[in-house]
$ cat query.cif   # mmCIF, C-alpha atoms (C1' of nucleotides)
data_coords
#
loop_
_atom_site.label_atom_id
_atom_site.label_comp_id
_atom_site.auth_asym_id
_atom_site.auth_seq_id
_atom_site.Cartn_x
_atom_site.Cartn_y
_atom_site.Cartn_z
CA MET A 2 81.39 81.87 93.94
CA SER A 3 82.80 83.43 91.12
CA GLU A 4 85.63 85.48 89.87
CA ASN A 5 84.17 88.02 92.11
CA GLN A 6 85.60 86.27 95.08
CA SER A 7 89.09 85.89 93.71
CA LYS A 8 89.11 89.62 93.35
CA LYS A 9 88.13 89.88 96.97
CA ILE A 10 91.34 88.35 98.28
CA ASN A 11 93.17 91.59 98.31
CA SER A 12 90.37 93.44 99.96
CA GLU A 13 90.79 91.70 103.28
CA ILE A 14 92.01 94.02 105.96
CA PRO A 15 95.76 93.59 106.42
CA ASP A 16 96.94 93.59 109.98
CA ILE A 17 98.80 96.46 111.44
CA GLU A 18 102.37 95.14 111.13
CA VAL A 19 101.86 94.61 107.43
CA LEU A 20 100.63 98.18 107.11
CA PHE A 21 103.75 99.45 108.84
CA GLU A 22 105.86 97.48 106.38
CA LEU A 23 103.79 98.79 103.52
CA ALA A 24 104.26 102.37 104.69
CA ASP A 25 108.00 101.76 104.78
CA LEU A 26 107.91 100.50 101.21
CA PHE A 27 105.97 103.51 99.95
CA LYS A 28 108.31 105.81 101.88
CA VAL A 29 111.09 104.58 99.63
CA PHE A 30 109.10 105.59 96.56
CA GLY A 31 108.22 108.90 98.17
CA ASP A 32 111.47 110.68 97.39
CA SER A 33 112.16 112.27 94.04
CA THR A 34 115.87 111.47 94.05
CA ARG A 35 115.19 107.78 94.58
CA LEU A 36 112.44 107.82 91.98
CA ARG A 37 114.77 109.48 89.49
CA ILE A 38 117.42 106.87 90.19
CA MET A 39 114.92 104.08 89.66
CA VAL A 40 113.66 105.55 86.41
CA THR A 41 117.21 106.20 85.25
CA ILE A 42 118.32 102.62 85.72
CA SER A 43 115.05 101.06 84.61
CA ASP A 44 116.20 100.57 81.04
CA ASN A 45 119.79 99.54 81.57
CA GLU A 46 122.15 99.15 84.47
CA MET A 47 124.42 102.05 85.37
CA SER A 48 127.44 102.76 87.52
CA VAL A 49 127.11 105.01 90.56
CA LEU A 50 129.13 107.79 89.01
CA ASN A 51 127.15 107.53 85.81
CA ILE A 52 123.90 107.93 87.72
CA ALA A 53 125.31 110.86 89.66
CA GLU A 54 126.39 112.58 86.47
CA THR A 55 123.10 111.90 84.75
CA LEU A 56 121.14 113.41 87.62
CA ASN A 57 123.76 116.07 88.27
CA MET A 58 124.04 115.23 91.95
CA GLU A 59 126.82 114.37 94.40
CA GLN A 60 128.21 110.86 94.23
CA SER A 61 127.69 110.40 97.96
CA THR A 62 124.07 111.45 97.73
CA ILE A 63 123.43 108.81 95.11
CA SER A 64 125.36 106.24 97.07
CA HIS A 65 123.31 106.92 100.20
CA GLN A 66 120.07 106.57 98.31
CA LEU A 67 121.23 103.45 96.50
CA ARG A 68 121.78 101.91 99.89
CA VAL A 69 118.15 102.59 100.79
CA LEU A 70 117.06 100.99 97.53
CA ARG A 71 119.36 98.05 98.17
CA GLN A 72 118.05 97.53 101.71
CA ASN A 73 114.55 97.45 100.33
CA LYS A 74 115.51 95.00 97.61
CA LEU A 75 114.46 97.34 94.84
CA VAL A 76 117.75 97.22 92.95
CA ARG A 77 120.23 94.63 91.82
CA VAL A 78 123.96 95.08 92.16
CA ARG A 79 126.76 93.81 89.98
CA ARG A 80 130.44 94.57 90.42
CA GLU A 81 132.71 94.81 87.39
CA GLY A 82 136.19 95.93 88.22
CA LYS A 83 136.17 99.21 90.05
CA GLN A 84 132.63 100.05 89.11
CA ILE A 85 129.42 98.80 90.60
CA TYR A 86 126.43 98.59 88.32
CA TYR A 87 122.91 99.03 89.58
CA SER A 88 119.67 97.96 87.89
CA LEU A 89 116.03 97.66 88.90
CA ASP A 90 115.28 94.49 90.81
CA ASP A 91 112.19 93.36 88.95
CA ASP A 92 109.19 94.41 86.93
CA HIS A 93 107.24 94.77 90.12
CA VAL A 94 109.04 98.00 90.86
CA LYS A 95 108.24 99.39 87.44
CA LYS A 96 104.62 98.41 87.89
CA ILE A 97 104.32 100.31 91.14
CA ILE A 98 105.77 103.40 89.53
CA ASP A 99 103.53 103.08 86.48
CA MET A 100 100.47 102.64 88.66
CA GLY A 101 101.34 105.87 90.44
CA LEU A 102 101.87 107.61 87.13
CA ASP A 103 98.46 106.43 86.00
CA HIS A 104 96.92 108.13 88.98
CA ILE A 105 98.73 111.39 88.32
CA LEU A 106 98.38 111.56 84.56
CA GLU A 107 94.71 110.73 84.35
CA MET B 30 96.32 109.88 69.11
CA SER B 31 96.01 106.12 68.70
CA GLU B 32 95.47 103.55 71.40
CA ASN B 33 98.98 102.52 70.76
CA GLN B 34 100.26 105.82 71.81
CA SER B 35 98.14 106.04 74.92
CA LYS B 36 99.60 102.74 76.08
CA LYS B 37 103.09 103.89 75.42
CA ILE B 38 102.90 106.86 77.68
CA ASN B 39 103.96 104.95 80.75
CA SER B 40 107.06 103.42 79.30
CA GLU B 41 108.57 106.72 78.28
CA ILE B 42 110.87 108.39 80.71
CA PRO B 43 108.77 110.83 82.71
CA ASP B 44 110.16 114.30 83.04
CA ILE B 45 111.37 115.63 86.29
CA GLU B 46 108.29 117.61 87.34
CA VAL B 47 106.17 114.50 86.97
CA LEU B 48 108.60 112.58 89.15
CA PHE B 49 108.33 115.24 91.83
CA GLU B 50 104.57 114.91 91.71
CA LEU B 51 104.87 111.16 91.81
CA ALA B 52 107.13 111.33 94.85
CA ASP B 53 104.55 113.51 96.57
CA LEU B 54 101.86 110.96 95.83
CA PHE B 55 103.89 108.08 97.25
CA LYS B 56 104.76 110.20 100.27
CA VAL B 57 101.07 110.21 101.13
CA PHE B 58 101.04 106.40 101.07
CA GLY B 59 104.25 106.30 103.07
CA ASP B 60 102.71 106.87 106.47
CA SER B 61 101.13 104.08 108.47
CA THR B 62 98.43 106.23 110.00
CA ARG B 63 97.25 107.38 106.59
CA LEU B 64 97.45 103.83 105.25
CA ARG B 65 95.41 102.57 108.18
CA ILE B 66 92.81 105.25 107.56
CA MET B 67 92.61 104.32 103.89
CA VAL B 68 92.26 100.63 104.65
CA THR B 69 89.69 101.34 107.35
CA ILE B 70 87.42 103.33 105.07
CA SER B 71 88.00 101.19 102.00
CA ASP B 72 84.95 99.03 102.60
CA ASN B 73 82.47 101.61 103.80
CA GLU B 74 82.51 105.28 104.61
CA MET B 75 83.13 106.35 108.20
CA SER B 76 82.87 109.46 110.32
CA VAL B 77 86.00 111.10 111.67
CA LEU B 78 85.28 110.11 115.24
CA ASN B 79 84.53 106.58 114.17
CA ILE B 80 87.89 106.34 112.42
CA ALA B 81 89.65 107.80 115.42
CA GLU B 82 88.01 105.29 117.75
CA THR B 83 88.71 102.39 115.44
CA LEU B 84 92.39 103.27 115.24
CA ASN B 85 92.53 104.39 118.86
CA MET B 86 94.05 107.75 118.00
CA GLU B 87 93.26 111.40 118.70
CA GLN B 88 90.49 112.99 116.69
CA SER B 89 92.76 115.86 115.69
CA THR B 90 95.44 113.50 114.45
CA ILE B 91 92.95 111.79 112.18
CA SER B 92 91.56 115.09 111.04
CA HIS B 93 95.01 116.39 110.12
CA GLN B 94 95.75 113.26 108.12
CA LEU B 95 92.36 113.29 106.44
CA ARG B 96 93.18 116.74 105.20
CA VAL B 97 96.32 115.40 103.56
CA LEU B 98 94.27 112.65 101.93
CA ARG B 99 91.69 115.20 100.83
CA GLN B 100 94.30 117.52 99.33
CA ASN B 101 95.63 114.61 97.33
CA LYS B 102 92.16 113.62 96.20
CA LEU B 103 92.42 110.17 97.70
CA VAL B 104 89.21 110.40 99.72
CA ARG B 105 85.66 111.50 99.17
CA VAL B 106 83.75 113.57 101.69
CA ARG B 107 80.08 113.63 102.50
CA ARG B 108 78.42 115.66 105.21
CA GLU B 109 75.36 114.32 107.00
CA GLY B 110 74.25 116.49 109.85
CA LYS B 111 77.03 117.01 112.33
CA GLN B 112 79.13 114.19 111.00
CA ILE B 113 81.36 114.08 108.00
CA TYR B 114 81.80 110.77 106.29
CA TYR B 115 84.96 109.82 104.48
CA SER B 116 85.43 107.10 101.90
CA LEU B 117 88.12 106.11 99.43
CA ASP B 118 88.06 108.17 96.28
CA ASP B 119 88.29 105.39 93.72
CA ASP B 120 89.52 101.90 93.02
CA HIS B 121 92.79 103.35 91.87
CA VAL B 122 93.78 103.97 95.44
CA LYS B 123 93.00 100.41 96.43
CA LYS B 124 95.00 99.16 93.48
CA ILE B 125 98.07 101.07 94.51
CA ILE B 126 97.83 99.66 98.02
CA ASP B 127 97.26 96.12 96.74
CA MET B 128 100.20 96.40 94.39
CA GLY B 129 102.40 97.37 97.33
CA LEU B 130 101.03 94.48 99.38
CA ASP B 131 101.85 92.12 96.53
CA HIS B 132 105.45 93.25 96.70
CA ILE B 133 105.65 92.72 100.44
CA LEU B 134 103.76 89.47 100.75
CA GLU B 135 105.45 87.62 97.95
"C1'" DT C 12 153.61 97.84 97.10
"C1'" DT C 13 151.71 102.39 95.73
"C1'" DA C 14 148.94 105.64 92.96
"C1'" DA C 15 144.63 106.45 90.99
"C1'" DC C 16 140.04 105.69 90.80
"C1'" DA C 17 135.09 104.10 92.26
"C1'" DT C 18 132.09 103.46 95.85
"C1'" DA C 19 130.54 103.50 100.73
"C1'" DT C 20 130.05 105.50 105.16
"C1'" DG C 21 129.99 108.71 109.40
"C1'" DA C 22 128.79 113.07 111.21
"C1'" DA C 23 126.43 117.28 111.15
"C1'" DC C 24 123.13 120.53 109.52
"C1'" DA C 25 118.87 122.04 107.58
"C1'" DC C 26 114.42 120.96 106.74
"C1'" DA C 27 110.09 118.32 106.86
"C1'" DT C 28 106.68 115.52 109.25
"C1'" DT C 29 103.78 113.63 112.86
"C1'" DT C 30 101.41 114.11 116.90
"C1'" DA C 31 99.05 116.26 120.95
"C1'" DC C 32 96.85 119.98 123.17
"C1'" DA C 33 93.99 123.81 123.03
"C1'" DT C 34 90.69 126.15 120.68
"C1'" DA C 35 87.96 127.67 116.64
"C1'" DT C 36 84.33 126.66 113.36
"C1'" DG C 37 80.21 124.60 111.97
"C1'" DT C 38 75.84 121.94 112.76
"C1'" DT C 39 71.64 120.42 115.18
"C1'" DC C 40 68.02 120.69 118.37
"C1'" DA C 41 65.69 122.37 122.31
"C1'" DT D 25 69.15 132.04 120.90
"C1'" DG D 26 72.42 128.78 123.46
"C1'" DA D 27 74.02 124.12 124.69
"C1'" DA D 28 75.96 120.03 122.98
"C1'" DC D 29 78.30 117.75 119.72
"C1'" DA D 30 81.50 116.82 115.43
"C1'" DT D 31 85.14 118.37 112.87
"C1'" DA D 32 89.00 121.52 111.61
"C1'" DT D 33 92.97 124.22 112.56
"C1'" DG D 34 97.10 126.74 114.89
"C1'" DT D 35 101.06 125.93 117.41
"C1'" DA D 36 104.85 123.69 119.43
"C1'" DA D 37 107.68 119.64 120.56
"C1'" DA D 38 109.73 115.49 119.18
"C1'" DT D 39 111.29 112.80 115.69
"C1'" DG D 40 112.70 111.60 111.04
"C1'" DT D 41 114.93 112.51 106.47
"C1'" DG D 42 118.02 114.25 102.71
"C1'" DT D 43 122.14 116.33 101.55
"C1'" DT D 44 126.96 117.68 101.95
"C1'" DC D 45 131.69 117.30 103.33
"C1'" DA D 46 135.38 114.59 104.72
"C1'" DT D 47 137.19 110.27 104.81
"C1'" DA D 48 137.32 105.17 104.72
"C1'" DT D 49 137.12 100.97 102.02
"C1'" DG D 50 137.88 98.35 98.06
"C1'" DT D 51 139.71 97.54 93.26
"C1'" DT D 52 142.98 97.83 89.42
"C1'" DA D 53 147.21 98.43 87.10
"C1'" DA D 54 151.91 99.89 87.08
#
$ encode --input "query.cif" --output "structure tokens"
Amino acid sequence: MSENQSKKINSEIPDIEVLFELADLFKVFGDSTRLRIMVTISDNEMSVLNIAETLNMEQSTISHQLRVLRQNKLVRVRREGKQIYYSLDDDHVKKIIDMGLDHILE
Amino acid sequence: MSENQSKKINSEIPDIEVLFELADLFKVFGDSTRLRIMVTISDNEMSVLNIAETLNMEQSTISHQLRVLRQNKLVRVRREGKQIYYSLDDDHVKKIIDMGLDHILE
DNA sequence: TTAACATATGAACACATTTACATATGTTCA
DNA sequence: TGAACATATGTAAATGTGTTCATATGTTAA
């Protein structure tokens, strides 16, 4: 059995706990502020204040949302002096966003 | 418009309205009941009652969520007599789910 | 150490979302 | 037509989420 079957792997029915986890993951992507943060830092890392200024939002709002992204391992953190720089965790994140964009822009 | 350009679309920074739309799309995936419905009907179409029984939830709950999926064009609808059969709209939907699963299961 | 700055966090409010119950709408068949 | 069934919808309650304000924590440099 052919390539056909290797494509089948993902079509097995995931059990319910996995689906709960998956819903939680998509929930994180389902907020425009968090999406904007992710897109903003996708090219290069940025400090919290820098992100807040770029998006024209409160520093605390950004900080709260960065925590959500951190908890879900979607961003990387690096301290340099007083500032803390955030960047996207991996290409996976970008891929998920791009896949969604594909759906919308088609 | 060259192929080059069409591939580039996704790596440009999407403007804010698109990100709002994108957030709305992910919001739909960010609920376990809707995810379970999508996974349940991903192999073959199912009637509303059948879905409700499979997931052991109220018929009205399923119906409400199916409307959300319908409004977001994620499911296809087919009437046959008294029953209405739902199925996933396209492979795109499955891909988005699989991509999320990849992130979780790695 | 203290002042100045960057980030994180707690609490509260406003708003959105999910679900269940009751009921309406739509379809078939006698 | 009316009874029986399948699906959709309105409403209300419970729960969850995002944002702001005030303040705490942590870092640097004088």
$ residues_around --input "query.cif" --residues "C:DG37" --least-positions-apart "4" --cutoff "10 Å" --atoms "only C-alpha atoms (C1' of nucleotides)" --output "mmCIF file with C-alpha atoms (C1' of nucleotides), in the frame of the given file"
data_model
loop_
_atom_site.group_PDB
_atom_site.id
_atom_site.type_symbol
_atom_site.label_atom_id
_atom_site.label_comp_id
_atom_site.auth_asym_id
_atom_site.auth_seq_id
_atom_site.Cartn_x
_atom_site.Cartn_y
_atom_site.Cartn_z
ATOM 1 C CA LYS B 111 77.030 117.010 112.330
ATOM 2 C "C1'" DA D 30 81.500 116.820 115.430
ATOM 3 C "C1'" DT D 31 85.140 118.370 112.870
ATOM 4 C "C1'" DA D 32 89.000 121.520 111.610
#
$ residues_around --input "query.cif" --residues "stretch 44-50 of chain D" --least-positions-apart "2" --cutoff "9 Å" --atoms "only C-alpha atoms (C1' of nucleotides)" --output "ChimeraX atom specification"
/A:59,61-62,83 /C:17-21,24
$ residues_around --input "query.cif" --residues "A:Leu106" --least-positions-apart "3" --cutoff "12 Å" --atoms "only C-alpha atoms (C1' of nucleotides)" --output "list in words"
Asp99, Met100, Gly101, Leu102 and Asp103 of chain A; Ser35, Ile38, Asn39, Pro43, Glu46, Val47, Leu48, Glu50, Leu51 and Leu54 of chain B
$ residues_around --input "query.cif" --residues "B:His121" --least-positions-apart "3" --cutoff "9 Å" --atoms "only C-alpha atoms (C1' of nucleotides)" --output "VMD selection string"
(chain A and resid 100 103 to 104) or (chain B and resid 103 118 124 to 126)
$ calpha_fit_and_write --input "query.cif" --fixed "chain B" --moving "chain A" --output "tab-separated table (two decimals) with C-alpha atoms, in the coordinates of the input"
chain	number	residue	atom	x	y	z
A	2	MET	CA	102.22	100.52	64.76
A	3	SER	CA	100.53	98.37	66.96
A	4	GLU	CA	99.24	97.94	70.42
A	5	ASN	CA	102.83	98.04	71.27
A	6	GLN	CA	102.87	101.74	70.80
A	7	SER	CA	99.81	102.47	72.88
A	8	LYS	CA	101.60	100.76	75.69
A	9	LYS	CA	104.51	103.06	75.11
A	10	ILE	CA	102.63	106.21	76.04
A	11	ASN	CA	103.35	105.87	79.68
A	12	SER	CA	106.97	105.13	79.15
A	13	GLU	CA	107.82	108.62	78.00
A	14	ILE	CA	110.00	110.43	80.45
A	15	PRO	CA	107.89	112.75	82.59
A	16	ASP	CA	109.38	116.13	83.25
A	17	ILE	CA	110.75	117.07	86.57
A	18	GLU	CA	107.78	119.03	87.96
A	19	VAL	CA	105.53	116.06	87.36
A	20	LEU	CA	107.98	113.85	89.23
A	21	PHE	CA	107.92	116.22	92.18
A	22	GLU	CA	104.13	116.04	92.20
A	23	LEU	CA	104.29	112.29	91.91
A	24	ALA	CA	106.67	112.06	94.86
A	25	ASP	CA	104.23	114.15	96.87
A	26	LEU	CA	101.42	111.77	96.00
A	27	PHE	CA	103.41	108.69	97.01
A	28	LYS	CA	104.48	110.45	100.22
A	29	VAL	CA	100.83	110.47	101.22
A	30	PHE	CA	100.65	106.70	100.77
A	31	GLY	CA	103.94	106.29	102.60
A	32	ASP	CA	102.55	106.54	106.12
A	33	SER	CA	100.96	103.60	107.88
A	34	THR	CA	98.39	105.69	109.74
A	35	ARG	CA	97.11	107.20	106.51
A	36	LEU	CA	97.13	103.82	104.82
A	37	ARG	CA	95.16	102.32	107.69
A	38	ILE	CA	92.65	105.14	107.47
A	39	MET	CA	92.26	104.60	103.75
A	40	VAL	CA	91.80	100.86	104.13
A	41	THR	CA	89.39	101.39	107.01
A	42	ILE	CA	87.10	103.66	105.05
A	43	SER	CA	87.46	101.82	101.76
A	44	ASP	CA	84.35	99.73	102.28
A	45	ASN	CA	82.05	102.26	103.87
A	46	GLU	CA	82.24	105.83	105.04
A	47	MET	CA	83.05	106.51	108.68
A	48	SER	CA	83.00	109.38	111.13
A	49	VAL	CA	86.27	110.76	112.48
A	50	LEU	CA	85.66	109.43	115.96
A	51	ASN	CA	84.71	106.06	114.57
A	52	ILE	CA	87.97	105.87	112.65
A	53	ALA	CA	89.93	106.95	115.70
A	54	GLU	CA	88.28	104.28	117.82
A	55	THR	CA	88.77	101.61	115.19
A	56	LEU	CA	92.47	102.37	114.92
A	57	ASN	CA	92.79	103.11	118.62
A	58	MET	CA	94.42	106.48	118.05
A	59	GLU	CA	93.85	110.07	119.16
A	60	GLN	CA	91.04	111.94	117.46
A	61	SER	CA	93.37	114.82	116.63
A	62	THR	CA	95.89	112.51	115.03
A	63	ILE	CA	93.23	111.15	112.72
A	64	SER	CA	91.92	114.61	112.01
A	65	HIS	CA	95.38	115.84	111.05
A	66	GLN	CA	95.91	112.94	108.71
A	67	LEU	CA	92.45	113.26	107.21
A	68	ARG	CA	93.37	116.79	106.29
A	69	VAL	CA	96.38	115.51	104.37
A	70	LEU	CA	94.15	113.03	102.57
A	71	ARG	CA	91.62	115.76	101.87
A	72	GLN	CA	94.26	118.13	100.48
A	73	ASN	CA	95.40	115.40	98.15
A	74	LYS	CA	91.86	114.65	97.05
A	75	LEU	CA	92.04	111.06	98.21
A	76	VAL	CA	88.92	111.18	100.37
A	77	ARG	CA	85.39	112.46	100.11
A	78	VAL	CA	83.69	114.33	102.91
A	79	ARG	CA	80.05	114.43	103.89
A	80	ARG	CA	78.60	116.24	106.89
A	81	GLU	CA	75.57	114.84	108.68
A	82	GLY	CA	74.67	116.72	111.79
A	83	LYS	CA	77.58	116.90	114.17
A	84	GLN	CA	79.51	114.15	112.48
A	85	ILE	CA	81.59	114.28	109.37
A	86	TYR	CA	81.82	111.13	107.31
A	87	TYR	CA	84.86	110.28	105.26
A	88	SER	CA	85.12	107.81	102.38
A	89	LEU	CA	87.68	106.99	99.71
A	90	ASP	CA	87.56	109.36	96.77
A	91	ASP	CA	87.60	106.85	93.94
A	92	ASP	CA	88.67	103.42	92.81
A	93	HIS	CA	91.94	104.87	91.68
A	94	VAL	CA	93.10	105.08	95.26
A	95	LYS	CA	92.22	101.46	95.89
A	96	LYS	CA	94.06	100.46	92.74
A	97	ILE	CA	97.25	102.16	93.85
A	98	ILE	CA	97.10	100.39	97.18
A	99	ASP	CA	96.36	97.04	95.57
A	100	MET	CA	99.22	97.47	93.13
A	101	GLY	CA	101.55	98.06	96.06
A	102	LEU	CA	100.17	95.02	97.83
A	103	ASP	CA	100.81	92.96	94.73
A	104	HIS	CA	104.44	93.93	94.87
A	105	ILE	CA	104.75	93.02	98.54
A	106	LEU	CA	102.75	89.81	98.57
A	107	GLU	CA	104.29	88.21	95.52
$ closest_residue --input "query.cif" --among "A:Ser64, A:Ser88, A:Asn51, A:Asn73" --to "chain B" --atoms "all atoms listed in the file"
A:Asn73
$ interface_residues --input "query.cif" --of "chain A" --to "chain D" --cutoff "12 Å" --atoms "all atoms listed in the file" --output "list in words"
Lys28, Val29, Gly31, Asp32, Ser33, Thr34, Arg35, Met58, Glu59, Gln60, Ser61, Thr62, Ile63, Ser64, His65, Gln66, Val69, Arg80, Glu81, Gly82, Lys83, Gln84 and Ile85 of chain A
$ residues_near_point --input "query.cif" --point "(89.9, 94.0, 106.3)" --cutoff "8 Å" --atoms "all atoms listed in the file" --output "PDB file with C-alpha atoms, keeping the file's coordinate frame"
ATOM      1  CA  SER A  12      90.370  93.440  99.960  1.00  0.00           C
ATOM      2  CA  GLU A  13      90.790  91.700 103.280  1.00  0.00           C
ATOM      3  CA  ILE A  14      92.010  94.020 105.960  1.00  0.00           C
ATOM      4  CA  PRO A  15      95.760  93.590 106.420  1.00  0.00           C
ATOM      5  CA  ASP A  16      96.940  93.590 109.980  1.00  0.00           C
TER       6      ASP A  16
ATOM      7  CA  VAL B  68      92.260 100.630 104.650  1.00  0.00           C
ATOM      8  CA  THR B  69      89.690 101.340 107.350  1.00  0.00           C
ATOM      9  CA  ASP B  72      84.950  99.030 102.600  1.00  0.00           C
TER      10      ASP B  72
END
$ closest_atom_pairs --input "query.cif" --of "chain C" --to "chain B" --cutoff "10 Å" --atoms "only C-alpha atoms (C1' of nucleotides)" --output "CSV"
residue,atom,partner,partner_atom,distance
C:DT28,C1',B:Asp60,CA,9.9
C:DT29,C1',B:Thr90,CA,8.5
C:DT30,C1',B:Thr90,CA,6.5
C:DA31,C1',B:Glu87,CA,7.9
C:DC32,C1',B:Ser89,CA,9.5
C:DG37,C1',B:Lys111,CA,8.2
C:DT38,C1',B:Lys111,CA,5.1
C:DT39,C1',B:Lys111,CA,7.0
$ decode --input "query.cif" --residues "stretch 12-24 of chain A" --atoms "N, CA and C atoms" --output "PDB file, in the first residue's frame"
ATOM      1  N   SER A  12      -5.656  11.019   8.991  1.00  0.00           N
ATOM      2  CA  SER A  12      -7.106  10.993   8.912  1.00  0.00           C
ATOM      3  C   SER A  12      -7.729  10.054   9.940  1.00  0.00           C
ATOM      4  N   GLU A  13      -6.886   9.471  10.792  1.00  0.00           N
ATOM      5  CA  GLU A  13      -7.459   8.688  11.879  1.00  0.00           C
ATOM      6  C   GLU A  13      -8.150   9.618  12.860  1.00  0.00           C
ATOM      7  N   ILE A  14      -9.172   9.092  13.478  1.00  0.00           N
ATOM      8  CA  ILE A  14      -9.945   9.952  14.376  1.00  0.00           C
ATOM      9  C   ILE A  14      -9.207  10.148  15.696  1.00  0.00           C
ATOM     10  N   PRO A  15      -8.866  11.392  16.006  1.00  0.00           N
ATOM     11  CA  PRO A  15      -8.124  11.676  17.238  1.00  0.00           C
ATOM     12  C   PRO A  15      -9.068  11.520  18.421  1.00  0.00           C
ATOM     13  N   ASP A  16      -8.549  11.085  19.536  1.00  0.00           N
ATOM     14  CA  ASP A  16      -9.469  10.943  20.664  1.00  0.00           C
ATOM     15  C   ASP A  16      -9.764  12.283  21.308  1.00  0.00           C
ATOM     16  N   ILE A  17     -10.746  12.239  22.157  1.00  0.00           N
ATOM     17  CA  ILE A  17     -11.386  13.469  22.609  1.00  0.00           C
ATOM     18  C   ILE A  17     -10.451  14.412  23.365  1.00  0.00           C
ATOM     19  N   GLU A  18      -9.524  13.861  24.150  1.00  0.00           N
ATOM     20  CA  GLU A  18      -8.618  14.761  24.889  1.00  0.00           C
ATOM     21  C   GLU A  18      -7.751  15.567  23.916  1.00  0.00           C
ATOM     22  N   VAL A  19      -7.316  14.897  22.863  1.00  0.00           N
ATOM     23  CA  VAL A  19      -6.504  15.584  21.868  1.00  0.00           C
ATOM     24  C   VAL A  19      -7.310  16.720  21.229  1.00  0.00           C
ATOM     25  N   LEU A  20      -8.582  16.461  20.992  1.00  0.00           N
ATOM     26  CA  LEU A  20      -9.416  17.491  20.372  1.00  0.00           C
ATOM     27  C   LEU A  20      -9.622  18.682  21.304  1.00  0.00           C
ATOM     28  N   PHE A  21      -9.671  18.420  22.598  1.00  0.00           N
ATOM     29  CA  PHE A  21      -9.759  19.519  23.557  1.00  0.00           C
ATOM     30  C   PHE A  21      -8.486  20.364  23.502  1.00  0.00           C
ATOM     31  N   GLU A  22      -7.357  19.678  23.472  1.00  0.00           N
ATOM     32  CA  GLU A  22      -6.070  20.371  23.356  1.00  0.00           C
ATOM     33  C   GLU A  22      -6.004  21.190  22.073  1.00  0.00           C
ATOM     34  N   LEU A  23      -6.468  20.558  21.004  1.00  0.00           N
ATOM     35  CA  LEU A  23      -6.435  21.214  19.705  1.00  0.00           C
ATOM     36  C   LEU A  23      -7.304  22.470  19.711  1.00  0.00           C
ATOM     37  N   ALA A  24      -8.464  22.367  20.320  1.00  0.00           N
ATOM     38  CA  ALA A  24      -9.348  23.532  20.430  1.00  0.00           C
ATOM     39  C   ALA A  24      -8.638  24.648  21.186  1.00  0.00           C
TER      40      ALA A  24
END
